[in-house]
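Peer 1: Please find input.txt (compact mmCIF, C-alpha atoms) on the next line:
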# COMPACT_ATOMS: atom_id res chain seq x y z
CA MET A 400 19.88 -37.56 33.70
CA LYS A 401 21.66 -37.25 30.36
CA GLU A 402 22.02 -41.00 29.98
CA VAL A 403 21.33 -44.12 32.03
CA LYS A 404 24.66 -45.93 32.01
CA ALA A 405 24.08 -48.44 34.81
CA CYS A 406 21.33 -50.31 36.61
CA LEU A 407 21.96 -51.43 40.19
CA PHE A 408 19.68 -54.16 41.51
CA ASP A 409 18.78 -55.32 44.97
CA LEU A 410 18.43 -59.11 45.01
CA ASP A 411 15.74 -60.30 47.40
CA GLY A 412 12.28 -59.35 46.17
CA VAL A 413 13.55 -57.65 43.02
CA LEU A 414 15.26 -60.37 40.99
CA VAL A 415 14.47 -63.53 42.93
CA ASP A 416 11.83 -64.68 45.37
CA THR A 417 13.99 -65.27 48.44
CA ALA A 418 12.00 -62.98 50.74
CA LYS A 419 9.71 -65.88 51.65
CA TYR A 420 12.66 -67.93 52.88
CA HIS A 421 13.88 -65.08 55.08
CA TYR A 422 10.40 -64.82 56.55
CA ILE A 423 10.10 -68.56 57.19
CA ALA A 424 13.52 -68.69 58.87
CA TRP A 425 12.82 -65.64 61.06
CA LYS A 426 9.37 -66.97 61.97
CA GLU A 427 10.86 -70.32 63.00
CA LEU A 428 13.29 -68.46 65.25
CA ALA A 429 10.49 -66.38 66.80
CA ASP A 430 8.49 -69.58 67.41
CA GLN A 431 11.47 -71.07 69.23
CA LEU A 432 11.74 -67.94 71.36
CA GLY A 433 8.04 -68.08 72.18
CA PHE A 434 6.44 -65.16 70.37
CA GLU A 435 4.54 -64.47 67.16
CA PHE A 436 6.23 -62.96 64.11
CA THR A 437 3.86 -61.94 61.31
CA GLU A 438 4.29 -61.09 57.64
CA LYS A 439 3.54 -57.46 58.58
CA ASP A 440 6.40 -57.58 61.11
CA ASN A 441 8.61 -58.99 58.36
CA GLU A 442 8.15 -55.83 56.28
CA ARG A 443 10.41 -54.03 58.79
CA LEU A 444 13.24 -56.45 57.95
CA LYS A 445 13.29 -55.87 54.19
CA GLY A 446 16.63 -54.54 52.98
CA VAL A 447 18.06 -54.63 56.50
CA SER A 448 21.22 -56.48 57.58
CA ARG A 449 21.04 -59.76 59.50
CA THR A 450 22.20 -58.20 62.77
CA ALA A 451 19.77 -55.30 62.51
CA SER A 452 16.97 -57.71 61.56
CA LEU A 453 17.62 -59.81 64.66
CA ASN A 454 17.50 -56.69 66.85
CA ILE A 455 14.12 -55.78 65.35
CA LEU A 456 12.87 -59.34 65.89
CA LEU A 457 13.94 -59.29 69.55
CA GLU A 458 12.32 -55.89 69.99
CA ILE A 459 9.05 -57.33 68.65
CA GLY A 460 9.35 -60.19 71.12
CA GLY A 461 10.28 -57.89 73.98
CA LEU A 462 13.53 -59.76 74.59
CA THR A 463 16.94 -58.48 75.65
CA LEU A 464 19.88 -60.80 75.03
CA ASP A 465 23.64 -60.45 75.27
CA GLU A 466 25.85 -60.27 72.19
CA ALA A 467 26.97 -63.91 72.43
CA GLU A 468 23.36 -65.15 72.49
CA LYS A 469 22.45 -62.86 69.61
CA ALA A 470 25.35 -64.14 67.55
CA LYS A 471 24.17 -67.74 68.07
CA LEU A 472 20.61 -66.87 67.05
CA ALA A 473 21.75 -64.98 63.95
CA GLU A 474 23.87 -67.96 62.90
CA SER A 475 20.98 -70.37 63.56
CA LYS A 476 18.62 -68.27 61.41
CA ASN A 477 21.16 -68.02 58.61
CA ASN A 478 21.78 -71.77 58.63
CA ARG A 479 18.06 -72.41 58.15
CA TYR A 480 17.87 -69.79 55.39
CA VAL A 481 20.87 -71.32 53.59
CA GLU A 482 19.17 -74.74 53.72
CA TYR A 483 16.26 -73.24 51.80
CA ILE A 484 18.23 -71.25 49.21
CA THR A 485 20.58 -74.11 48.34
CA LYS A 486 17.53 -75.80 46.79
CA MET A 487 16.69 -72.80 44.59
CA ASP A 488 16.83 -72.90 40.79
CA SER A 489 15.99 -70.64 37.86
CA SER A 490 12.25 -71.14 38.41
CA GLU A 491 12.49 -68.70 41.32
CA ILE A 492 13.67 -65.77 39.22
CA LEU A 493 10.85 -63.22 39.44
CA PRO A 494 8.71 -62.51 36.34
CA GLY A 495 10.35 -60.14 33.87
CA ALA A 496 13.70 -60.02 35.68
CA LEU A 497 15.72 -62.19 33.29
CA ASP A 498 14.28 -60.52 30.17
CA PHE A 499 15.09 -57.07 31.53
CA LEU A 500 18.66 -58.05 32.48
CA LYS A 501 19.20 -59.46 28.99
CA GLU A 502 17.79 -56.32 27.36
CA CYS A 503 20.01 -54.06 29.48
CA ARG A 504 23.08 -56.03 28.43
CA SER A 505 22.08 -55.95 24.77
CA GLN A 506 21.68 -52.16 24.97
CA GLY A 507 25.09 -51.65 26.60
CA ILE A 508 23.75 -50.72 30.04
CA LEU A 509 26.04 -51.90 32.84
CA ILE A 510 24.57 -54.08 35.59
CA ALA A 511 25.56 -54.37 39.24
CA LEU A 512 24.13 -56.13 42.25
CA GLY A 513 23.71 -54.09 45.43
CA SER A 514 22.52 -56.47 48.11
CA ALA A 515 22.88 -56.74 51.88
CA SER A 516 22.79 -60.52 51.56
CA LYS A 517 25.94 -62.45 52.47
CA ASN A 518 24.46 -65.38 50.57
CA ALA A 519 24.06 -63.52 47.28
CA MET A 520 26.58 -65.62 45.34
CA THR A 521 24.83 -68.86 46.34
CA ILE A 522 21.53 -67.46 45.08
CA LEU A 523 22.99 -66.03 41.85
CA ASN A 524 24.84 -69.25 41.04
CA ASN A 525 21.86 -71.50 41.80
CA THR A 526 19.49 -69.43 39.67
CA GLY A 527 21.99 -68.94 36.83
CA LEU A 528 22.01 -65.14 37.11
CA THR A 529 25.71 -64.62 37.84
CA PRO A 530 26.85 -64.07 34.20
CA TYR A 531 24.52 -61.08 33.77
CA PHE A 532 26.39 -58.89 36.27
CA ASP A 533 29.36 -56.65 35.57
CA ALA A 534 29.88 -56.12 39.31
CA ILE A 535 28.55 -57.84 42.42
CA ILE A 536 28.50 -55.96 45.73
CA ASP A 537 26.98 -57.98 48.57
CA GLY A 538 27.02 -58.18 52.35
CA THR A 539 30.54 -59.64 52.34
CA LYS A 540 31.93 -56.44 50.78
CA THR A 541 30.13 -53.78 52.82
CA SER A 542 30.33 -52.52 56.40
CA ALA A 543 27.25 -50.29 56.49
CA ALA A 544 23.68 -51.50 55.95
CA LYS A 545 21.01 -49.70 53.94
CA PRO A 546 19.77 -46.95 54.21
CA ASP A 547 23.49 -46.14 54.14
CA PRO A 548 24.35 -45.79 50.42
CA GLU A 549 27.66 -47.69 50.68
CA VAL A 550 26.53 -50.77 48.72
CA PHE A 551 25.34 -48.67 45.76
CA LEU A 552 28.30 -46.30 45.82
CA LEU A 553 30.65 -49.30 45.70
CA GLY A 554 28.63 -50.68 42.79
CA ALA A 555 28.95 -47.43 40.83
CA GLU A 556 32.67 -47.33 41.58
CA ALA A 557 33.14 -50.93 40.41
CA LEU A 558 31.32 -50.11 37.16
CA GLY A 559 33.29 -46.90 36.64
CA VAL A 560 30.24 -44.64 36.46
CA SER A 561 29.01 -41.69 38.52
CA SER A 562 26.01 -41.83 40.87
CA ALA A 563 24.14 -39.50 38.53
CA GLU A 564 24.35 -42.12 35.76
CA CYS A 565 22.83 -44.92 37.88
CA VAL A 566 19.30 -46.16 38.44
CA VAL A 567 18.64 -48.35 41.49
CA PHE A 568 15.93 -51.03 41.56
CA GLU A 569 14.66 -51.73 45.09
CA ASP A 570 11.69 -53.31 46.88
CA ALA A 571 12.51 -51.88 50.33
CA GLU A 572 12.05 -48.43 51.80
CA ALA A 573 15.58 -48.56 53.25
CA GLY A 574 16.95 -49.35 49.78
CA ILE A 575 15.18 -46.41 48.14
CA GLU A 576 16.51 -44.14 50.87
CA ALA A 577 20.02 -45.52 50.25
CA ALA A 578 19.70 -44.69 46.55
CA ILE A 579 18.57 -41.14 47.35
CA ARG A 580 21.42 -40.64 49.83
CA GLY A 581 23.83 -41.88 47.19
CA GLY A 582 22.59 -39.36 44.64
CA MET A 583 21.01 -42.01 42.42
CA ALA A 584 17.65 -42.25 40.69
CA SER A 585 15.47 -45.14 41.81
CA ILE A 586 12.66 -47.43 40.72
CA GLY A 587 10.58 -49.07 43.42
CA ILE A 588 9.45 -52.63 42.82
CA GLY A 589 6.23 -53.16 44.74
CA SER A 590 3.74 -50.83 46.38
CA PRO A 591 3.59 -47.02 45.98
CA GLU A 592 2.38 -46.83 49.59
CA THR A 593 5.76 -47.98 50.94
CA LEU A 594 8.04 -46.95 48.06
CA GLY A 595 6.63 -43.51 47.33
CA ALA A 596 10.03 -41.85 47.65
CA ALA A 597 11.24 -43.61 44.48
CA ASN A 598 11.18 -41.75 41.16
CA ILE A 599 8.71 -44.27 39.83
CA VAL A 600 7.13 -47.45 41.23
CA VAL A 601 6.17 -50.56 39.25
CA PRO A 602 4.66 -53.85 40.47
CA SER A 603 7.49 -55.94 39.00
CA LEU A 604 10.24 -55.96 36.38
CA GLN A 605 7.67 -57.29 33.92
CA GLU A 606 6.62 -53.66 33.51
CA MET A 607 10.15 -52.52 32.68
CA SER A 608 11.98 -52.14 29.39
CA VAL A 609 15.04 -50.15 28.38
CA ALA A 610 12.79 -47.81 26.40
CA ARG A 611 10.67 -47.10 29.48
CA LEU A 612 13.77 -46.71 31.60
CA LYS A 613 15.27 -44.09 29.29
CA GLU A 614 11.95 -42.30 28.91
CA ALA A 615 11.41 -42.15 32.68
CA PHE A 616 14.77 -40.55 33.38
CA ALA A 617 15.28 -38.39 30.29
CA SER A 618 14.14 -35.33 32.22
CA VAL A 619 15.59 -36.19 35.64
Write the structure described by the file as structure tokens, please.
Peer 2:
Amino acid sequence: MKEVKACLFDLDGVLVDTAKYHYIAWKELADQLGFEFTEKDNERLKGVSRTASLNILLEIGGLTLDEAEKAKLAESKNNRYVEYITKMDSSEILPGALDFLKECRSQGILIALGSASKNAMTILNNTGLTPYFDAIIDGTKTSAAKPDPEVFLLGAEALGVSSAECVVFEDAEAGIEAAIRGGMASIGIGSPETLGAANIVVPSLQEMSVARLKEAFASV
């Protein structure tokens, strides 16, 4: 990569700690339906759309429902999730995230959001992160879920840069795969065991700086 011109960030689990609220809301739904849903099960839902997540949940519970019933359950889960995130504030920005966003802006690196969440704007506004983004692509603007690269390709297009000039930050396997399919470099936030396909993996954005970013991709 000659130059990193843009950073594209997933939201949940990368910039803010909303993953716990997804888990709580899905677990409440599973409890209502009469089966157990564990944190390990929840790993399968990371970076996946609401509809696909519900299908996985029902598979875990061994349930088959019609589309009308599934739509009601998806709406019920989302309503509970929204109740939780409307109480969020800047204290739930993950360590290092705000400093890294500020440094990227100061160094002229463009910033886009690439999230499957249809509630992304609520979260960004409540945590005060909205002004740091040059483009916001969320679940209201996409038709295909990760690992389809659509959300990141739309982000690059909105920023006016090529895929080859972008680095994606993701905490989900599906998100890293989406970056690869889109021809973008990627940094996994979390565990090398699950994010090994990324170019590099770090525990959190606390470990990132623009200098490290440029160094990591100078030879890519």
Peer 1: Have a look at atom CA of Ala515 of chain A and atom CA of Leu497 of chain A and let me know their distance in Å, one decimal.
Peer 2: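 That distance, rounded to one decimal, is 20.7 Å.
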Peer 1: Show me the residues close to (6.8, -51.9, 55.3) - anything with an atom within 9 Å, counting all atoms listed in the file - and format the list as an mmCIF file with C-alpha atoms, keeping the file's coordinate frame.
Peer 2:
data_model
loop_
_atom_site.group_PDB
_atom_site.id
_atom_site.type_symbol
_atom_site.label_atom_id
_atom_site.label_comp_id
_atom_site.auth_asym_id
_atom_site.auth_seq_id
_atom_site.Cartn_x
_atom_site.Cartn_y
_atom_site.Cartn_z
ATOM 1 C CA LYS A 439 3.540 -57.460 58.580
ATOM 2 C CA ASP A 440 6.400 -57.580 61.110
ATOM 3 C CA ASN A 441 8.610 -58.990 58.360
ATOM 4 C CA GLU A 442 8.150 -55.830 56.280
ATOM 5 C CA ARG A 443 10.410 -54.030 58.790
ATOM 6 C CA LEU A 444 13.240 -56.450 57.950
ATOM 7 C CA LYS A 445 13.290 -55.870 54.190
ATOM 8 C CA ALA A 571 12.510 -51.880 50.330
ATOM 9 C CA GLU A 572 12.050 -48.430 51.800
ATOM 10 C CA GLU A 592 2.380 -46.830 49.590
ATOM 11 C CA THR A 593 5.760 -47.980 50.940
ATOM 12 C CA LEU A 594 8.040 -46.950 48.060
#
Peer 1: If we count all atoms listed in the file, what is near Ser585 of chain A at a cut-off of 8 Å, once residues fewer than 4 positions away on the same chain are taken out, given as a list of chain:residue names?
Peer 2: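 The neighbour list is A:Val566, A:Val567, A:Phe568, A:Glu569, A:Ile575, A:Ala578, A:Ile579, A:Ala597, A:Asn598, A:Ile599.
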Peer 1: For the residues in the current selection, export C-alpha atoms as a CSV table (one decimal), keeping the file's coordinate frame.
Peer 2:
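The file below, selection_16.csv, is the result:
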chain,number,residue,atom,x,y,z
A,566,VAL,CA,19.3,-46.2,38.4
A,567,VAL,CA,18.6,-48.4,41.5
A,568,PHE,CA,15.9,-51.0,41.6
A,569,GLU,CA,14.7,-51.7,45.1
A,575,ILE,CA,15.2,-46.4,48.1
A,578,ALA,CA,19.7,-44.7,46.6
A,579,ILE,CA,18.6,-41.1,47.4
A,597,ALA,CA,11.2,-43.6,44.5
A,598,ASN,CA,11.2,-41.8,41.2
A,599,ILE,CA,8.7,-44.3,39.8
Peer 1: Quick one: residues within 12 Å of (12.3, -70.2, 36.7) (file frame), counting all atoms listed in the file, please, as a PyMOL selection string.
Peer 2: chain A and resi 414-416+487-498+525-528
Peer 1: Residues within 9 Å of Glu576 of chain A, please, as a VMD selection string. Count only C-alpha atoms; anything in the same chain fewer than 5 positions from it doesn't count.
Peer 2: chain A and resid 545 to 548 571 581 596 to 597
